[in-house]
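**Q** The structure file model.cif (mmCIF, C-alpha atoms) is provided below.
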```cif
data_input
#
loop_
_atom_site.label_atom_id
_atom_site.label_comp_id
_atom_site.auth_asym_id
_atom_site.auth_seq_id
_atom_site.Cartn_x
_atom_site.Cartn_y
_atom_site.Cartn_z
CA MET R 16 -231.87 -36.46 -0.96
CA PRO R 17 -230.75 -32.83 -1.50
CA LEU R 18 -228.20 -32.09 -4.19
CA GLU R 19 -224.63 -31.51 -3.09
CA SER R 20 -224.77 -27.99 -4.52
CA GLU R 21 -227.59 -27.12 -2.10
CA VAL R 22 -225.53 -28.26 0.89
CA LEU R 23 -222.43 -26.37 -0.26
CA ASP R 24 -224.32 -23.17 -1.06
CA ASP R 25 -225.75 -23.18 2.45
CA LEU R 26 -222.75 -24.25 4.54
CA VAL R 27 -219.64 -22.95 2.76
CA PRO R 28 -220.38 -19.26 3.56
CA LEU R 29 -220.77 -20.26 7.23
CA ILE R 30 -217.46 -22.15 7.17
CA ALA R 31 -215.74 -19.26 5.39
CA ALA R 32 -216.71 -16.99 8.30
CA LEU R 33 -214.66 -19.04 10.79
CA PRO R 34 -211.16 -17.73 9.88
CA GLY R 35 -209.88 -14.41 11.19
CA PRO R 36 -207.74 -11.95 9.20
CA GLY R 37 -205.28 -13.50 6.76
CA ARG R 38 -205.34 -16.33 4.27
CA MET R 39 -208.06 -18.97 4.24
CA ALA R 40 -209.35 -21.90 2.20
CA VAL R 41 -212.19 -24.42 2.35
CA GLY R 42 -211.99 -27.96 0.99
CA ILE R 43 -213.92 -31.20 1.16
CA GLY R 44 -212.41 -34.64 1.74
CA GLY R 45 -213.49 -38.26 1.90
CA SER R 46 -215.35 -40.08 -0.84
CA ARG R 47 -216.80 -36.84 -2.24
CA ALA R 48 -213.28 -35.59 -2.88
CA LYS R 49 -212.17 -38.91 -4.39
CA GLY R 50 -215.04 -38.94 -6.88
CA ARG R 51 -216.56 -42.00 -5.16
CA THR R 52 -219.76 -40.49 -3.77
CA ASP R 53 -222.56 -42.94 -3.04
CA GLY R 54 -225.62 -43.09 -0.84
CA HIS R 55 -223.46 -43.56 2.26
CA SER R 56 -221.23 -40.53 1.72
CA ASP R 57 -221.19 -37.75 4.28
CA TYR R 58 -219.61 -34.30 4.06
CA ASP R 59 -216.04 -33.98 5.38
CA PHE R 60 -215.22 -30.27 5.33
CA ARG R 61 -211.76 -28.79 5.91
CA VAL R 62 -211.05 -25.13 6.66
CA TYR R 63 -207.55 -23.66 6.65
CA ALA R 64 -206.55 -20.27 8.01
CA ASP R 65 -203.68 -18.18 9.34
CA GLN R 66 -205.81 -17.53 12.44
CA TRP R 67 -209.36 -18.00 13.69
CA CYS R 68 -212.15 -15.56 14.47
CA GLY R 69 -211.70 -16.10 18.20
CA PRO R 70 -209.24 -17.69 20.65
CA ASP R 71 -211.79 -20.47 21.24
CA LEU R 72 -213.29 -21.07 17.81
CA THR R 73 -216.13 -23.28 19.04
CA ALA R 74 -217.29 -20.52 21.43
CA THR R 75 -217.72 -17.88 18.72
CA PRO R 76 -221.03 -16.75 17.17
CA GLN R 77 -219.62 -17.77 13.78
CA TYR R 78 -219.18 -21.36 14.89
CA ALA R 79 -222.63 -21.37 16.49
CA ALA R 80 -224.11 -20.36 13.13
CA PHE R 81 -222.25 -23.20 11.42
CA ALA R 82 -223.42 -25.68 14.07
CA LYS R 83 -227.02 -24.62 13.45
CA GLY R 84 -226.47 -25.11 9.74
CA MET R 85 -225.21 -28.63 10.34
CA ALA R 86 -228.21 -29.40 12.52
CA ARG R 87 -230.59 -28.27 9.77
CA TRP R 88 -229.07 -30.72 7.32
CA GLU R 89 -228.87 -33.52 9.85
CA ALA R 90 -232.63 -33.12 10.35
CA ARG R 91 -233.03 -33.72 6.61
CA GLY R 92 -230.98 -36.92 6.74
CA VAL R 93 -227.72 -35.40 5.45
CA HIS R 94 -224.74 -36.20 7.68
CA ILE R 95 -222.20 -33.40 8.06
CA ASP R 96 -218.97 -34.60 9.64
CA GLY R 97 -218.15 -31.16 10.97
CA THR R 98 -215.29 -29.11 9.60
CA TRP R 99 -211.67 -29.67 10.56
CA PRO R 100 -210.00 -26.29 11.28
CA ARG R 101 -206.25 -26.31 10.66
CA LEU R 102 -203.58 -23.62 10.65
CA ILE R 103 -201.85 -23.06 7.32
CA GLY R 104 -198.41 -22.65 8.87
CA LEU R 105 -198.62 -26.02 10.64
CA ILE R 106 -199.72 -27.73 7.42
CA ASP R 107 -196.74 -26.22 5.56
CA ALA R 108 -194.31 -27.46 8.22
CA GLU R 109 -195.79 -30.97 8.33
CA LEU R 110 -195.75 -31.21 4.55
CA ASP R 111 -192.04 -30.31 4.58
CA ASP R 112 -191.43 -33.27 6.90
CA TRP R 113 -193.32 -35.62 4.58
CA PHE R 114 -191.30 -34.52 1.58
CA ALA R 115 -188.09 -35.03 3.54
CA GLY R 116 -189.19 -38.60 4.26
CA THR R 117 -189.21 -38.06 8.03
CA ALA R 118 -192.93 -37.70 8.83
CA ARG R 119 -195.10 -40.53 10.08
CA PRO R 120 -198.90 -40.97 9.98
CA THR R 121 -200.76 -39.34 12.86
CA ASN R 122 -202.65 -41.75 15.11
CA LEU R 123 -206.33 -40.75 15.13
CA ASP R 124 -209.33 -42.76 16.29
CA TRP R 125 -211.11 -42.38 12.95
CA ALA R 126 -208.16 -43.46 10.80
CA ILE R 127 -207.45 -47.19 11.07
CA TRP R 128 -203.94 -46.97 9.64
CA GLY R 129 -203.28 -43.40 10.75
CA TYR R 130 -203.87 -40.03 9.12
CA TYR R 131 -201.70 -39.24 6.08
CA LEU R 132 -201.49 -35.51 5.41
CA PRO R 133 -200.32 -35.84 1.76
CA THR R 134 -203.19 -38.24 1.04
CA ASP R 135 -205.74 -35.88 2.55
CA LEU R 136 -204.45 -32.84 0.67
CA ALA R 137 -203.88 -34.61 -2.65
CA HIS R 138 -207.42 -36.03 -2.79
CA GLN R 139 -209.27 -33.05 -1.36
CA ARG R 140 -211.55 -31.03 -3.60
CA ILE R 141 -211.04 -27.28 -3.46
CA ILE R 142 -214.27 -25.47 -2.61
CA LEU R 143 -212.98 -21.98 -1.80
CA ASP R 144 -209.37 -20.88 -2.23
CA PRO R 145 -209.10 -17.10 -2.77
CA ASP R 146 -205.44 -17.00 -1.73
CA GLY R 147 -204.31 -20.07 -3.69
CA VAL R 148 -203.32 -21.93 -0.52
CA MET R 149 -204.77 -25.31 -1.47
CA ALA R 150 -203.77 -24.88 -5.10
CA GLY R 151 -200.17 -24.44 -3.94
CA TRP R 152 -200.29 -27.60 -1.87
CA LYS R 153 -201.76 -29.59 -4.72
CA ALA R 154 -199.13 -28.33 -7.14
CA ARG R 155 -196.44 -29.46 -4.74
CA LEU R 156 -198.05 -32.89 -4.38
CA ASP R 157 -197.97 -33.45 -8.14
CA ILE R 158 -194.46 -34.84 -7.60
CA TYR R 159 -194.04 -37.84 -5.30
CA PRO R 160 -190.72 -37.21 -3.47
CA ASP R 161 -187.97 -39.81 -3.87
CA ALA R 162 -187.05 -39.67 -0.18
CA LEU R 163 -190.54 -40.62 0.93
CA ARG R 164 -190.92 -43.26 -1.79
CA GLY R 165 -187.72 -44.99 -0.74
CA ARG R 166 -188.65 -44.97 2.93
CA VAL R 167 -192.17 -46.32 2.37
CA ILE R 168 -190.92 -49.16 0.17
CA ALA R 169 -188.00 -50.08 2.43
CA GLU R 170 -189.96 -50.09 5.70
CA ASN R 171 -192.91 -52.06 4.40
CA MET R 172 -190.80 -54.58 2.51
CA GLU R 173 -188.78 -55.21 5.67
CA LEU R 174 -192.00 -56.12 7.49
CA LEU R 175 -193.36 -58.21 4.61
CA ARG R 176 -190.14 -60.20 4.23
CA TYR R 177 -189.90 -60.77 7.96
CA TRP R 178 -193.33 -62.36 8.21
CA ARG R 179 -192.94 -64.24 4.96
CA ASP R 180 -189.93 -66.08 6.39
CA ASP R 181 -190.67 -66.21 10.13
CA TYR R 182 -191.68 -69.61 11.57
CA HIS R 183 -194.05 -67.98 14.09
CA TYR R 184 -196.50 -67.31 11.27
CA GLU R 185 -196.76 -71.01 10.45
CA SER R 186 -197.09 -71.99 14.11
CA LYS R 187 -199.97 -69.55 14.59
CA VAL R 188 -201.70 -71.03 11.54
CA LEU R 189 -201.31 -74.57 12.88
CA ARG R 190 -202.79 -73.46 16.21
CA GLY R 191 -205.64 -71.60 14.50
CA ASP R 192 -204.94 -68.39 16.41
CA VAL R 193 -207.84 -66.35 14.99
CA VAL R 194 -207.08 -62.97 16.57
CA PHE R 195 -203.40 -63.05 15.65
CA LEU R 196 -203.99 -64.26 12.09
CA ALA R 197 -206.76 -61.75 11.36
CA GLY R 198 -204.60 -58.88 12.58
CA LEU R 199 -201.50 -60.06 10.79
CA SER R 200 -203.34 -60.62 7.50
CA SER R 201 -204.71 -57.10 7.62
CA ARG R 202 -201.27 -55.67 8.45
CA LEU R 203 -199.56 -57.56 5.63
CA VAL R 204 -202.18 -56.50 3.08
CA HIS R 205 -201.75 -52.90 4.22
CA GLY R 206 -197.99 -53.21 3.72
CA VAL R 207 -198.44 -54.62 0.22
CA LEU R 208 -200.73 -51.76 -0.76
CA GLN R 209 -198.37 -49.16 0.69
CA VAL R 210 -195.57 -50.51 -1.50
CA VAL R 211 -197.78 -50.73 -4.59
CA PHE R 212 -198.87 -47.10 -4.35
CA ALA R 213 -195.32 -45.92 -3.64
CA LEU R 214 -193.96 -47.88 -6.62
CA ASN R 215 -196.46 -46.09 -8.83
CA ARG R 216 -195.60 -42.71 -7.23
CA ARG R 217 -199.20 -42.30 -6.18
CA TRP R 218 -200.35 -41.11 -2.79
CA PHE R 219 -201.76 -43.87 -0.59
CA PRO R 220 -205.57 -43.39 -0.50
CA GLY R 221 -205.99 -43.87 3.24
CA ASP R 222 -208.68 -46.08 4.72
CA GLY R 223 -211.35 -45.77 2.03
CA TRP R 224 -211.62 -47.09 -1.55
CA THR R 225 -208.05 -48.42 -1.44
CA LEU R 226 -208.59 -51.54 -3.58
CA THR R 227 -210.77 -49.70 -6.07
CA MET R 228 -208.14 -47.00 -6.57
CA ALA R 229 -205.36 -49.59 -6.78
CA GLU R 230 -207.02 -51.05 -9.87
CA SER R 231 -205.93 -48.02 -11.91
CA LEU R 232 -202.23 -48.50 -11.10
CA ASP R 233 -199.83 -49.89 -13.69
CA LEU R 234 -197.31 -51.57 -11.37
CA LYS R 235 -199.07 -54.15 -9.20
CA PRO R 236 -199.18 -57.91 -8.65
CA ARG R 237 -201.54 -59.74 -10.97
CA ASP R 238 -205.17 -60.04 -9.85
CA LEU R 239 -204.37 -57.81 -6.87
CA SER R 240 -207.94 -56.96 -5.90
CA ALA R 241 -209.24 -60.52 -6.15
CA ARG R 242 -206.31 -61.93 -4.20
CA ILE R 243 -206.59 -59.39 -1.38
CA THR R 244 -210.35 -59.86 -1.19
CA ALA R 245 -209.85 -63.62 -0.89
CA ILE R 246 -207.29 -63.12 1.88
CA LEU R 247 -209.41 -60.79 3.98
CA SER R 248 -212.94 -62.05 3.29
CA PRO R 249 -214.56 -65.41 3.99
CA ALA R 250 -216.11 -67.34 1.11
CA THR R 251 -219.59 -66.02 1.97
CA PRO R 252 -219.02 -62.65 3.64
CA ASP R 253 -221.73 -61.32 5.92
CA PHE R 254 -220.37 -57.91 6.84
CA PRO R 255 -223.57 -56.61 8.52
CA THR R 256 -223.52 -59.55 10.91
CA GLN R 257 -219.80 -59.06 11.47
CA ARG R 258 -220.32 -55.38 12.30
CA HIS R 259 -223.22 -56.07 14.69
CA ALA R 260 -221.17 -58.76 16.41
CA ASN R 261 -218.27 -56.34 16.89
CA ILE R 262 -220.58 -53.64 18.27
CA ALA R 263 -222.26 -56.12 20.61
CA LEU R 264 -218.88 -57.29 21.88
CA ILE R 265 -217.76 -53.71 22.56
CA HIS R 266 -221.07 -52.98 24.27
CA ASP R 267 -220.71 -56.00 26.57
CA LEU R 268 -217.13 -55.03 27.34
CA GLU R 269 -218.21 -51.58 28.48
CA HIS R 270 -220.33 -53.18 31.19
CA LEU R 271 -217.21 -54.78 32.63
CA LEU R 272 -215.35 -51.50 33.01
CA PRO R 273 -215.00 -50.05 36.52
CA SER R 274 -217.23 -47.06 37.23
CA ASP R 275 -215.59 -43.70 37.88
#
```
Would you write the structure of this file as structure tokens?
**A**
Amino acid sequence: MPLESEVLDDLVPLIAALPGPGRMAVGIGGSRAKGRTDGHSDYDFRVYADQWCGPDLTATPQYAAFAKGMARWEARGVHIDGTWPRLIGLIDAELDDWFAGTARPTNLDWAIWGYYLPTDLAHQRIILDPDGVMAGWKARLDIYPDALRGRVIAENMELLRYWRDDYHYESKVLRGDVVFLAGLSSRLVHGVLQVVFALNRRWFPGDGWTLTMAESLDLKPRDLSARITAILSPATPDFPTQRHANIALIHDLEHLLPSD
């Protein structure tokens, strides 16, 4: 497998050609940014700019060159998850809303619990930042705002206390309602982890490596990782079979959909 430095040396200049005049920056997210790279890690690039090299970025020669670069690496077995182009001004405005405690996660197909801008920025690794754009964001994120901390704790504790005391939870258990109980267990664990990270004034990690990163926190329930794993996993987990079963179910469902 090629070294990460080889991939970056090849693709970063192509990504850096996508912005138009003004400020720009290139970062990388995901497990590579979190220091959790393994054999399953892909490359999640981010590019920030005041404007792009054309009104339709994907129709420009610069983007075509980047797409060819991605294809070269894909042919060598290296998965490149594209590059997410975002305007600096919009990031600044959204970050203001998060610090005021008014922003909410963005619903995206690839983020199970929603996309958290502070999480993405805080964990990203700076690759190219000639104007100090990403460095400025990271400096701001060094302080976890009180307004956001209070909101995260209050909202999630309200949900956790509701289901702790509500009789519907017990009735669903007695009935063995598998779909309801699986969904609720996942939602309650997510709420617990949201509160734990907020208590420690640490940005919630998003969908990946959450339990692993929670282990480094000081304020947390005892044996947190083991207890959550026991809640969400069967005694003898077979995740490959579980995944294939889910995919097969989705595949069969597609055959039932009306044709256009």
**Q** Taking (-226.4, -28.5, 10.4) in the file's coordinates, which residues come within 12 Å, counting only C-alpha atoms, written as a ChimeraX atom specification?
**A** /R:22-23,25-27,29-30,58,78-98
**Q** Report as a PyMOL selection string the full result of the PyMOL selection byres ((chain R and resi 119-132) around 8) when it is applied to this structure.
**A** chain R and resi 109-110+113+117-118+133-136+221-222
**Q** Report, as lines of an AutoDock Vina configuration file, the axis-aligned box around all atoms of stretch 99-115 of chain R present in the file, extended by 8 Å on each side; give centre and edge lengths in Å to one decimal place.
**A**
```
center_x = -199.9
center_y = -29.1
center_z = 6.4
size_x = 39.6
size_y = 29.0
size_z = 25.7
```
**Q** Please provide the set of residues having any atom within 9 Å of stretch 195-207 of chain R, restricted to all atoms listed in the file, with same-chain residues fewer than 5 positions apart removed, written as a ChimeraX atom specification.
**A** /R:128,168,170-172,174-175,178,184,187-188,212,243,246-247
**Q** If you keep C-alpha atoms, can you produce a file of those selected residues as a PDB file, keeping the file's coordinate frame?
**A**
```pdb
ATOM      1  CA  TRP R 128    -203.940 -46.970   9.640  1.00  0.00           C
ATOM      2  CA  ILE R 168    -190.920 -49.160   0.170  1.00  0.00           C
ATOM      3  CA  GLU R 170    -189.960 -50.090   5.700  1.00  0.00           C
ATOM      4  CA  ASN R 171    -192.910 -52.060   4.400  1.00  0.00           C
ATOM      5  CA  MET R 172    -190.800 -54.580   2.510  1.00  0.00           C
ATOM      6  CA  LEU R 174    -192.000 -56.120   7.490  1.00  0.00           C
ATOM      7  CA  LEU R 175    -193.360 -58.210   4.610  1.00  0.00           C
ATOM      8  CA  TRP R 178    -193.330 -62.360   8.210  1.00  0.00           C
ATOM      9  CA  TYR R 184    -196.500 -67.310  11.270  1.00  0.00           C
ATOM     10  CA  LYS R 187    -199.970 -69.550  14.590  1.00  0.00           C
ATOM     11  CA  VAL R 188    -201.700 -71.030  11.540  1.00  0.00           C
ATOM     12  CA  PHE R 212    -198.870 -47.100  -4.350  1.00  0.00           C
ATOM     13  CA  ILE R 243    -206.590 -59.390  -1.380  1.00  0.00           C
ATOM     14  CA  ILE R 246    -207.290 -63.120   1.880  1.00  0.00           C
ATOM     15  CA  LEU R 247    -209.410 -60.790   3.980  1.00  0.00           C
TER      16      LEU R 247
END
```
**Q** What gap, in Å, lies between atom CA of R:Val41 and atom CA of R:Trp152?
**A**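 Computing the Euclidean distance for atom CA of R:Val41 and atom CA of R:Trp152 yields 13.0 Å.
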**Q** Counting only C-alpha atoms, which of R:Arg217, R:Ala250, R:Leu18, R:Gly44 gets nearest to R:Leu234?
**A**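 Result for the nearest residue to R:Leu234: R:Arg217.
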**Q** Applying the PyMOL selection byres ((chain R and resi 155-159) around 12) to the file I just gave you, which residues come out? Please list them as number ranges by chain.
**A** R: 107, 110-111, 113-116, 132-139, 148-154, 160-165, 167, 212-219
**Q** If the PyMOL selection byres ((chain R and resi 142) around 6) were run on this exact file, what residues would it hold? Put them as a list in words.
**A**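 Those residues are Val41, Gly42, Ile141 and Leu143 of chain R.
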**Q** Could you tell me how far atom CA of R:Asp233 sits from atom CA of R:Arg179, in Å to one decimal place?
**A** 24.5 Å
**Q** Could you state the separation of atom CA of R:Pro70 and atom CA of R:Gly35 in Å, given to one decimal place?
**A**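 Distance reported for this atom pair: 10.0 Å.
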**Q** Choose the residue, out of R:Gln77, R:Asp144, R:Pro273, R:Cys68, that has the smallest atom-to-atom separation from R:Met39; count all atoms listed in the file.
**A**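 Closest to R:Met39, using all atoms listed in the file: R:Asp144.
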**Q** Between R:Gln66, R:His183, R:Pro28, R:Trp224, single out the one closest to R:Ser240, counting only C-alpha atoms.
**A** R:Trp224
**Q** Please return as number ranges by chain every residue within 10 Å of (-216.1, -39.0, -1.4), taking into account all atoms listed in the file and the file's own coordinates.
**A** R: 43-53, 55-59, 138-140, 223-224
**Q** Here is a test: counting only C-alpha atoms, which residue of R:Ala169, R:Leu208, R:Ser186, R:Leu271 is nearest to R:Ala229?
**A**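 Comparing R:Ala169, R:Leu208, R:Ser186, R:Leu271 against R:Ala229, the winner is R:Leu208.
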**Q** Of the residues R:Val62, R:Ala32, R:Gly69, R:Thr75, which is the one nearest to R:Ile103, using only C-alpha atoms?
**A**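 Residue with the minimum atom-to-atom distance to R:Ile103: R:Val62.
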**Q** Would you kindly place N, CA and C atoms on stretch 39-64 of chain R and return the model as an mmCIF file, in the frame of the given file?
**A**
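out16.cif written:
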```cif
data_model
loop_
_atom_site.group_PDB
_atom_site.id
_atom_site.type_symbol
_atom_site.label_atom_id
_atom_site.label_comp_id
_atom_site.auth_asym_id
_atom_site.auth_seq_id
_atom_site.Cartn_x
_atom_site.Cartn_y
_atom_site.Cartn_z
ATOM 1 N N MET R 39 -207.108 -17.918 3.867
ATOM 2 C CA MET R 39 -208.060 -18.970 4.240
ATOM 3 C C MET R 39 -208.367 -19.811 3.016
ATOM 4 N N ALA R 40 -208.902 -21.009 3.269
ATOM 5 C CA ALA R 40 -209.350 -21.900 2.200
ATOM 6 C C ALA R 40 -210.321 -22.907 2.787
ATOM 7 N N VAL R 41 -211.226 -23.399 1.945
ATOM 8 C CA VAL R 41 -212.190 -24.420 2.350
ATOM 9 C C VAL R 41 -212.108 -25.566 1.345
ATOM 10 N N GLY R 42 -212.026 -26.784 1.851
ATOM 11 C CA GLY R 42 -211.990 -27.960 0.990
ATOM 12 C C GLY R 42 -212.954 -29.010 1.505
ATOM 13 N N ILE R 43 -213.092 -30.068 0.746
ATOM 14 C CA ILE R 43 -213.920 -31.200 1.160
ATOM 15 C C ILE R 43 -213.134 -32.482 0.900
ATOM 16 N N GLY R 44 -213.179 -33.399 1.858
ATOM 17 C CA GLY R 44 -212.410 -34.640 1.740
ATOM 18 C C GLY R 44 -213.308 -35.853 1.642
ATOM 19 N N GLY R 45 -212.725 -37.018 1.912
ATOM 20 C CA GLY R 45 -213.490 -38.260 1.900
ATOM 21 C C GLY R 45 -213.887 -38.704 0.511
ATOM 22 N N SER R 46 -214.940 -39.503 0.435
ATOM 23 C CA SER R 46 -215.350 -40.080 -0.840
ATOM 24 C C SER R 46 -215.819 -39.020 -1.827
ATOM 25 N N ARG R 47 -216.363 -37.912 -1.332
ATOM 26 C CA ARG R 47 -216.800 -36.840 -2.240
ATOM 27 C C ARG R 47 -215.599 -36.209 -2.933
ATOM 28 N N ALA R 48 -214.479 -36.146 -2.256
ATOM 29 C CA ALA R 48 -213.280 -35.590 -2.880
ATOM 30 C C ALA R 48 -212.647 -36.587 -3.842
ATOM 31 N N LYS R 49 -212.777 -37.873 -3.550
ATOM 32 C CA LYS R 49 -212.170 -38.910 -4.390
ATOM 33 C C LYS R 49 -213.018 -39.274 -5.608
ATOM 34 N N GLY R 50 -214.171 -38.610 -5.763
ATOM 35 C CA GLY R 50 -215.040 -38.940 -6.880
ATOM 36 C C GLY R 50 -215.736 -40.272 -6.709
ATOM 37 N N ARG R 51 -215.958 -40.691 -5.449
ATOM 38 C CA ARG R 51 -216.560 -42.000 -5.160
ATOM 39 C C ARG R 51 -217.840 -41.851 -4.360
ATOM 40 N N THR R 52 -218.557 -40.759 -4.553
ATOM 41 C CA THR R 52 -219.760 -40.490 -3.770
ATOM 42 C C THR R 52 -220.827 -41.560 -4.018
ATOM 43 N N ASP R 53 -221.418 -42.036 -2.936
ATOM 44 C CA ASP R 53 -222.560 -42.940 -3.040
ATOM 45 C C ASP R 53 -223.566 -42.569 -1.962
ATOM 46 N N GLY R 54 -224.565 -43.395 -1.786
ATOM 47 C CA GLY R 54 -225.620 -43.090 -0.840
ATOM 48 C C GLY R 54 -225.190 -43.079 0.608
ATOM 49 N N HIS R 55 -223.975 -43.530 0.886
ATOM 50 C CA HIS R 55 -223.460 -43.560 2.260
ATOM 51 C C HIS R 55 -222.490 -42.418 2.541
ATOM 52 N N SER R 56 -222.246 -41.573 1.569
ATOM 53 C CA SER R 56 -221.230 -40.530 1.720
ATOM 54 C C SER R 56 -221.736 -39.375 2.578
ATOM 55 N N ASP R 57 -220.877 -38.931 3.492
ATOM 56 C CA ASP R 57 -221.190 -37.750 4.280
ATOM 57 C C ASP R 57 -220.394 -36.562 3.728
ATOM 58 N N TYR R 58 -220.348 -35.488 4.471
ATOM 59 C CA TYR R 58 -219.610 -34.300 4.060
ATOM 60 C C TYR R 58 -218.476 -34.047 5.044
ATOM 61 N N ASP R 59 -217.240 -34.189 4.559
ATOM 62 C CA ASP R 59 -216.040 -33.980 5.380
ATOM 63 C C ASP R 59 -215.401 -32.646 4.982
ATOM 64 N N PHE R 60 -215.766 -31.584 5.678
ATOM 65 C CA PHE R 60 -215.220 -30.270 5.330
ATOM 66 C C PHE R 60 -213.877 -30.034 6.016
ATOM 67 N N ARG R 61 -213.018 -29.275 5.343
ATOM 68 C CA ARG R 61 -211.760 -28.790 5.910
ATOM 69 C C ARG R 61 -211.747 -27.278 5.762
ATOM 70 N N VAL R 62 -211.238 -26.578 6.764
ATOM 71 C CA VAL R 62 -211.050 -25.130 6.660
ATOM 72 C C VAL R 62 -209.654 -24.805 7.152
ATOM 73 N N TYR R 63 -208.932 -24.027 6.354
ATOM 74 C CA TYR R 63 -207.550 -23.660 6.650
ATOM 75 C C TYR R 63 -207.475 -22.144 6.816
ATOM 76 N N ALA R 64 -206.648 -21.699 7.757
ATOM 77 C CA ALA R 64 -206.550 -20.270 8.010
ATOM 78 C C ALA R 64 -205.224 -19.939 8.679
#
```
